[in-house]
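Participant: So that you have it, the file is input04.cif, and it contains mmCIF, C-alpha atoms:
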data_protein
loop_
_atom_site.label_atom_id
_atom_site.label_comp_id
_atom_site.auth_asym_id
_atom_site.auth_seq_id
_atom_site.Cartn_x
_atom_site.Cartn_y
_atom_site.Cartn_z
CA MET A 1 36.78 20.58 -17.81
CA ALA A 2 39.01 17.59 -17.09
CA ILE A 3 37.12 14.76 -15.39
CA THR A 4 39.16 12.71 -12.95
CA ALA A 5 39.01 8.95 -12.63
CA ALA A 6 37.98 9.41 -8.99
CA ALA A 7 34.95 11.50 -10.04
CA VAL A 8 33.94 8.91 -12.63
CA ASN A 9 34.25 6.13 -10.07
CA GLU A 10 32.21 8.10 -7.53
CA LEU A 11 29.40 8.61 -10.06
CA ARG A 12 29.55 4.93 -10.96
CA LYS A 13 29.17 3.96 -7.30
CA MET A 14 26.31 6.45 -6.89
CA THR A 15 24.35 5.27 -9.93
CA GLY A 16 25.47 1.80 -10.97
CA ALA A 17 25.99 3.03 -14.57
CA GLY A 18 29.01 2.00 -16.66
CA MET A 19 32.36 3.76 -16.33
CA MET A 20 32.37 5.18 -19.88
CA ASP A 21 28.75 6.32 -19.58
CA CYS A 22 29.60 8.09 -16.32
CA LYS A 23 32.65 9.75 -17.84
CA LYS A 24 30.74 11.01 -20.86
CA ALA A 25 27.89 12.29 -18.69
CA LEU A 26 30.26 14.22 -16.42
CA GLN A 27 32.07 15.69 -19.42
CA GLU A 28 28.79 16.89 -20.94
CA VAL A 29 27.72 18.72 -17.76
CA ASP A 30 31.13 20.03 -16.66
CA GLY A 31 31.36 17.75 -13.66
CA ASP A 32 27.95 18.51 -12.08
CA PHE A 33 26.98 15.22 -10.38
CA GLU A 34 23.23 15.85 -10.12
CA ALA A 35 23.07 17.01 -13.74
CA ALA A 36 25.05 13.93 -14.77
CA ILE A 37 22.54 11.68 -12.97
CA ASP A 38 19.66 13.39 -14.81
CA LEU A 39 21.50 13.01 -18.12
CA LEU A 40 22.07 9.30 -17.56
CA ARG A 41 18.39 8.85 -16.72
CA LYS A 42 17.30 10.78 -19.81
CA LYS A 43 19.39 8.40 -21.90
CA GLY A 44 17.54 5.45 -20.39
CA GLN A 45 20.11 4.35 -17.82
CA LYS A 46 18.73 2.52 -14.79
CA ILE A 47 20.05 4.47 -11.82
CA SER A 48 20.48 3.16 -8.30
CA ALA A 49 17.98 4.64 -5.82
CA LYS A 50 20.60 4.53 -3.07
CA ARG A 51 22.51 7.60 -4.20
CA ALA A 52 20.80 9.76 -1.56
CA ASP A 53 22.93 8.09 1.11
CA ARG A 54 26.25 8.88 -0.56
CA ASP A 55 27.24 11.69 1.82
CA ALA A 56 26.89 9.60 4.99
CA THR A 57 30.01 8.91 7.08
CA GLU A 58 30.84 5.96 9.30
CA GLY A 59 29.16 5.73 12.69
CA ALA A 60 26.01 4.42 14.36
CA VAL A 61 22.36 5.40 13.91
CA ILE A 62 20.08 4.80 16.90
CA ALA A 63 16.28 5.07 16.77
CA ARG A 64 14.21 5.08 19.97
CA SER A 65 10.50 5.28 20.83
CA SER A 66 9.01 6.11 24.22
CA ALA A 67 7.19 3.38 26.15
CA ASP A 68 3.81 4.82 25.11
CA TYR A 69 4.96 5.33 21.50
CA THR A 70 4.05 9.03 21.50
CA THR A 71 7.63 10.24 20.93
CA GLY A 72 10.50 8.95 18.84
CA VAL A 73 14.06 10.11 18.22
CA ILE A 74 16.87 9.22 15.84
CA VAL A 75 20.48 10.10 16.65
CA ARG A 76 23.37 9.66 14.26
CA LEU A 77 26.75 9.55 15.97
CA SER A 78 29.39 9.82 13.26
CA CYS A 79 33.04 8.86 13.19
CA GLU A 80 35.73 8.49 10.54
CA THR A 81 36.39 4.74 10.38
CA ASP A 82 34.43 1.51 10.39
CA PHE A 83 36.80 0.22 13.08
CA VAL A 84 35.56 2.84 15.56
CA ALA A 85 31.95 2.49 14.42
CA LYS A 86 31.93 -1.19 15.40
CA ASN A 87 33.56 -0.61 18.78
CA ALA A 88 31.29 -1.56 21.69
CA ASP A 89 32.12 1.62 23.64
CA PHE A 90 31.24 3.81 20.65
CA ILE A 91 27.89 2.06 20.17
CA ALA A 92 27.18 2.31 23.90
CA LEU A 93 27.83 6.07 23.72
CA ALA A 94 25.45 6.40 20.78
CA ASP A 95 22.81 4.43 22.70
CA LYS A 96 23.22 6.63 25.78
CA ILE A 97 22.95 9.85 23.77
CA ALA A 98 19.75 8.54 22.15
CA ASP A 99 18.31 7.68 25.58
CA ILE A 100 19.11 11.21 26.81
CA ALA A 101 17.48 12.67 23.70
CA LEU A 102 14.32 10.63 24.20
CA GLU A 103 14.10 11.63 27.87
CA ASN A 104 14.75 15.35 27.38
CA LYS A 105 13.27 15.93 23.90
CA PRO A 106 15.70 18.66 22.76
CA ALA A 107 14.66 20.68 19.72
CA ASP A 108 17.81 20.26 17.64
CA VAL A 109 21.40 18.98 17.56
CA ASP A 110 22.81 21.97 19.43
CA ALA A 111 20.27 21.60 22.23
CA LEU A 112 21.03 17.88 22.41
CA LYS A 113 24.79 18.45 22.67
CA ALA A 114 24.20 20.92 25.53
CA LEU A 115 22.52 18.23 27.67
CA ASN A 116 24.26 16.50 30.58
CA ILE A 117 25.92 13.10 30.31
CA ASP A 118 27.69 11.83 33.44
CA GLY A 119 28.48 15.29 34.80
CA GLU A 120 29.54 16.98 31.56
CA THR A 121 27.79 18.13 28.41
CA ILE A 122 27.47 15.78 25.47
CA ALA A 123 29.62 18.22 23.49
CA GLU A 124 32.36 17.97 26.12
CA ARG A 125 32.12 14.17 26.15
CA LEU A 126 32.53 14.06 22.38
CA THR A 127 35.63 16.26 22.60
CA ASN A 128 37.10 13.99 25.27
CA GLU A 129 36.35 10.87 23.24
CA MET A 130 38.06 12.40 20.20
CA GLY A 131 41.17 12.90 22.31
CA LYS A 132 41.13 9.24 23.35
CA ILE A 133 40.65 7.62 19.96
CA GLY A 134 42.31 10.18 17.68
CA GLU A 135 39.51 10.73 15.17
CA LYS A 136 36.54 13.02 14.85
CA ILE A 137 33.30 12.00 16.60
CA ASP A 138 30.18 14.12 16.37
CA VAL A 139 26.38 14.02 16.52
CA THR A 140 25.70 14.84 12.87
CA ASN A 141 21.96 14.29 12.73
CA TYR A 142 19.06 14.27 15.15
CA VAL A 143 15.32 13.95 14.56
CA ILE A 144 12.39 14.01 16.99
CA ILE A 145 8.78 13.12 16.11
CA ASN A 146 5.77 13.42 18.39
CA GLY A 147 2.45 11.83 17.47
CA SER A 148 -0.31 9.32 18.20
CA SER A 149 1.98 6.37 17.43
CA VAL A 150 5.68 6.78 16.63
CA ILE A 151 7.40 3.45 15.90
CA ASN A 152 11.17 3.00 15.71
CA TYR A 153 13.34 0.58 13.77
CA ILE A 154 17.11 0.05 13.46
CA HIS A 155 18.42 -1.84 10.44
CA ALA A 156 21.70 -3.41 9.32
CA GLY A 157 23.82 -3.12 12.44
CA ASN A 158 22.99 0.51 13.30
CA LYS A 159 23.44 1.64 9.68
CA ILE A 160 19.84 2.85 9.19
CA GLY A 161 17.40 4.31 11.72
CA VAL A 162 13.72 4.88 10.97
CA LEU A 163 10.77 6.51 12.72
CA VAL A 164 7.26 6.24 11.33
CA GLU A 165 4.30 8.21 12.70
CA LEU A 166 0.88 6.58 12.35
CA SER A 167 -2.48 8.30 12.66
CA LEU A 168 -4.00 6.23 15.48
CA GLY A 169 -3.01 5.56 19.08
CA SER A 170 -0.92 2.45 19.65
CA ASN A 171 -2.10 -1.07 20.34
CA ASN A 172 -0.35 -4.34 19.53
CA ASP A 173 -1.64 -4.49 15.96
CA ILE A 174 -0.73 -0.88 15.24
CA VAL A 175 2.75 -1.24 16.73
CA GLU A 176 3.40 -4.36 14.65
CA ALA A 177 2.12 -2.58 11.55
CA GLY A 178 4.37 0.36 12.34
CA LYS A 179 7.39 -1.92 12.59
CA ASP A 180 6.52 -3.43 9.21
CA VAL A 181 6.19 0.02 7.66
CA ALA A 182 9.46 1.14 9.26
CA MET A 183 11.23 -1.90 7.79
CA GLN A 184 9.70 -1.02 4.42
CA ILE A 185 11.11 2.50 4.71
CA ALA A 186 14.56 1.15 5.60
CA ALA A 187 14.59 -1.26 2.67
CA MET A 188 12.84 0.78 -0.05
CA ASN A 189 13.90 4.35 0.85
CA PRO A 190 10.75 6.23 -0.26
CA ILE A 191 11.10 9.95 -0.84
CA SER A 192 7.74 10.92 0.66
CA VAL A 193 4.59 9.59 2.33
CA GLY A 194 2.44 10.19 -0.74
CA GLU A 195 2.15 11.98 -4.07
CA ALA A 196 0.94 15.21 -2.44
CA ASP A 197 4.19 15.49 -0.45
CA ILE A 198 6.45 15.53 -3.52
CA PRO A 199 7.60 19.08 -4.41
CA GLN A 200 6.34 20.42 -7.73
CA ASP A 201 9.87 20.90 -9.06
CA VAL A 202 10.56 17.19 -8.54
CA LYS A 203 7.38 16.30 -10.45
CA GLU A 204 8.38 18.63 -13.30
CA ARG A 205 11.85 17.14 -13.35
CA GLU A 206 10.45 13.59 -13.62
CA LEU A 207 8.07 14.65 -16.40
CA GLU A 208 10.92 16.19 -18.38
CA ILE A 209 13.03 13.06 -17.94
CA GLY A 210 10.05 10.98 -19.11
CA ARG A 211 9.64 13.17 -22.21
CA GLU A 212 13.32 12.88 -23.10
CA GLN A 213 13.24 9.12 -22.61
CA ALA A 214 10.19 8.84 -24.89
CA ARG A 215 11.83 10.98 -27.58
CA ALA A 216 15.00 8.88 -27.35
CA GLU A 217 12.83 5.82 -27.99
CA GLY A 218 11.41 7.46 -31.13
CA LYS A 219 7.84 7.91 -29.83
CA PRO A 220 5.54 10.29 -31.77
CA GLU A 221 5.54 13.84 -30.40
CA GLN A 222 1.75 13.89 -29.94
CA ILE A 223 1.91 11.14 -27.30
CA ILE A 224 5.10 12.29 -25.53
CA ASP A 225 3.22 14.03 -22.69
CA LYS A 226 0.96 11.02 -22.13
CA ILE A 227 3.97 8.71 -21.93
CA ALA A 228 5.71 11.10 -19.53
CA GLU A 229 2.63 11.19 -17.29
CA GLY A 230 2.60 7.39 -17.22
CA LYS A 231 6.24 7.36 -16.19
CA LEU A 232 5.43 9.89 -13.45
CA GLN A 233 2.74 7.57 -12.09
CA ARG A 234 5.29 4.75 -12.08
CA PHE A 235 7.65 7.07 -10.20
CA TYR A 236 4.96 7.56 -7.55
CA LYS A 237 4.50 3.79 -7.17
CA ASP A 238 8.22 3.24 -6.75
CA ASN A 239 9.05 6.23 -4.56
CA THR A 240 6.05 7.19 -2.40
CA LEU A 241 5.61 5.06 0.69
CA THR A 242 1.86 4.52 0.62
CA LYS A 243 1.85 3.51 -3.07
CA GLN A 244 4.78 1.09 -2.82
CA GLN A 245 4.05 -2.62 -2.89
CA PHE A 246 4.21 -3.94 0.67
CA VAL A 247 7.46 -5.92 0.95
CA LYS A 248 5.83 -8.68 3.02
CA ASP A 249 2.87 -9.08 0.64
CA SER A 250 3.29 -7.64 -2.86
CA SER A 251 -0.43 -8.13 -3.61
CA VAL A 252 -1.20 -4.98 -1.57
CA THR A 253 0.30 -1.52 -1.21
CA VAL A 254 1.47 -0.16 2.13
CA GLU A 255 -1.66 2.00 2.22
CA GLN A 256 -3.92 -1.03 1.67
CA MET A 257 -2.09 -3.05 4.32
CA LEU A 258 -2.78 -0.34 6.89
CA LYS A 259 -6.43 -0.02 5.86
CA ASN A 260 -6.82 -3.78 6.36
CA ILE A 261 -5.90 -3.24 10.03
CA ASP A 262 -8.10 -0.17 10.55
CA ASN A 263 -9.77 1.93 7.88
CA ASN A 264 -8.61 5.08 9.65
CA LEU A 265 -4.98 3.98 9.95
CA SER A 266 -2.49 5.87 7.78
CA VAL A 267 1.09 7.16 7.74
CA VAL A 268 1.38 10.76 8.92
CA SER A 269 5.15 11.18 8.55
CA PHE A 270 8.43 9.33 8.65
CA SER A 271 12.16 9.94 8.99
CA ARG A 272 14.98 7.75 7.68
CA ILE A 273 18.63 8.40 8.53
CA ALA A 274 21.29 6.18 6.95
CA LEU A 275 25.05 5.77 6.85
CA GLY A 276 26.87 4.95 3.62
#
The structure in this file should be written as structure tokens.

Facilitator:
Amino acid sequence: MAITAAAVNELRKMTGAGMMDCKKALQEVDGDFEAAIDLLRKKGQKISAKRADRDATEGAVIARSSADYTTGVIVRLSCETDFVAKNADFIALADKIADIALENKPADVDALKALNIDGETIAERLTNEMGKIGEKIDVTNYVIINGSSVINYIHAGNKIGVLVELSLGSNNDIVEAGKDVAMQIAAMNPISVGEADIPQDVKERELEIGREQARAEGKPEQIIDKIAEGKLQRFYKDNTLTKQQFVKDSSVTVEQMLKNIDNNLSVVSFSRIALG
């Protein structure tokens, strides 16, 4: 199939690979972006880890925790342009919707949009705001987490919102640790808490990529699986939260940092919502 310049440029932005490499990859897989990413990786290309955020629109992401840190919410209010996203009234609306979500704890986006805001539903308010500014506004993502300690963090001017759930009830040390872990999640974008949370198909995919990389490097066939397993372990260190090096002290992992505070302290879950 014919590959457009726009598709090549999109893949380049997603991966950081060269234009010609992106074009050839797309041609080989008939334009399938995910397959093209895998192909580039198999050929040894270093691919940007930020591609997961490529579908995000403009808008504002607000993360909130309750005063006792037992509940946290993230709300993404999306719009079409950066101009609207930076408008003070738009950000104030996003903040208010997040406050309503935290107070009422709706189960999903539809339940959130049915809640009252100044005498009308949130859905009605969004429709009215669209009429005023002339572009689409919508709540496109909503997450709620309940737990012993749920810590919130907002990064980069409302571009990324994070919640992290820790295993122990909150005190000053645990809240500060939670903020550090949430900042880690915002910056490093892990795909899971730990190795056990990674789906088997993802593990198999990484092993196959590792095998192909080893073969491309001319490694003997009898050690291909061992090399692939080593690459999988490296994948865990780079992409699972607890095994990542702690950004504030690279001599320890996130898991070790938490254990230094309390041996029973660990990450239970997290959520990260980002705009592109």

Participant: Expand the PyMOL selection byres ((chain A and resi 72) around 6) into the explicit residue set it covers here, and present it as a short mmCIF file (atom, residue, chain, number, x, y, z; two decimals) with C-alpha atoms, in the frame of the given file.

Facilitator:
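Ended up saving to result_15.cif:
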data_model
loop_
_atom_site.label_atom_id
_atom_site.label_comp_id
_atom_site.auth_asym_id
_atom_site.auth_seq_id
_atom_site.Cartn_x
_atom_site.Cartn_y
_atom_site.Cartn_z
CA ARG A 64 14.21 5.08 19.97
CA SER A 65 10.50 5.28 20.83
CA THR A 71 7.63 10.24 20.93
CA VAL A 73 14.06 10.11 18.22
CA ILE A 144 12.39 14.01 16.99
CA ILE A 145 8.78 13.12 16.11
CA VAL A 150 5.68 6.78 16.63
#

Participant: So, with all atoms listed in the file as the atoms that count, which of A:Ala67, A:Ala25, A:Ala60, A:Val143 lies closest to Arg41 of chain A?

Facilitator: A:Ala25

Participant: Rank nothing, just name the residue among A:Glu229, A:Ile37, A:Glu103, A:His155 nearest to Arg211 of chain A, using all atoms listed in the file.

Facilitator: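 The answer is A:Glu229, which sits nearest to Arg211 of chain A.
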
Participant: Tell me, as JSON, numbers by chain, which residues lie within 12 Å of Asn9 of chain A, counting all atoms listed in the file; anything in the same chain fewer than 3 positions away does not count.

Facilitator: {"A": [3, 4, 5, 6, 12, 13, 14, 15, 16, 17, 18, 19, 20, 21, 22, 23, 26, 33]}

Participant: Closest to Ala107 of chain A among A:Ile91, A:Arg125, A:Asn141, A:Thr240, using all atoms listed in the file?

Facilitator: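 Ranked by minimum distance to Ala107 of chain A, first place goes to A:Asn141.
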
Participant: In Å to one decimal, how far is atom CA of Gly218 of chain A from atom CA of Lys42 of chain A?

Facilitator: 13.2 Å

Participant: Hey, which of A:Glu176, A:Asp138, A:Glu129, A:Glu221 ends up closest to Asp89 of chain A? Count all atoms listed in the file.

Facilitator: A:Glu129

Participant: Fewer than 5 positions away in the same chain doesn't count, so skip those; otherwise give me all residues within 8 Å of Ala186 of chain A, counting only C-alpha atoms, as JSON, numbers by chain.

Facilitator: {"A": [155, 160, 161, 162, 272]}

Participant: Near Lys136 of chain A, within 10 Å and counting only C-alpha atoms, which residues show up once chain neighbours fewer than 6 positions away are dropped, as a ChimeraX atom specification?

Facilitator: /A:78-81,126-127,129-130

Participant: What residues come out when you apply the PyMOL selection byres ((chain A and resi 149) around 7) to this file, written as number ranges by chain?

Facilitator: A: 69-70, 147-148, 150-151, 165-170

Participant: Looking at A:Ala156, A:Ile174, A:Val181, A:Val202, which one is nearest to Asn263 of chain A, with distances taken over all atoms listed in the file?

Facilitator: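 Once distances to Asn263 of chain A are computed over all atoms listed in the file, the minimum belongs to A:Ile174.
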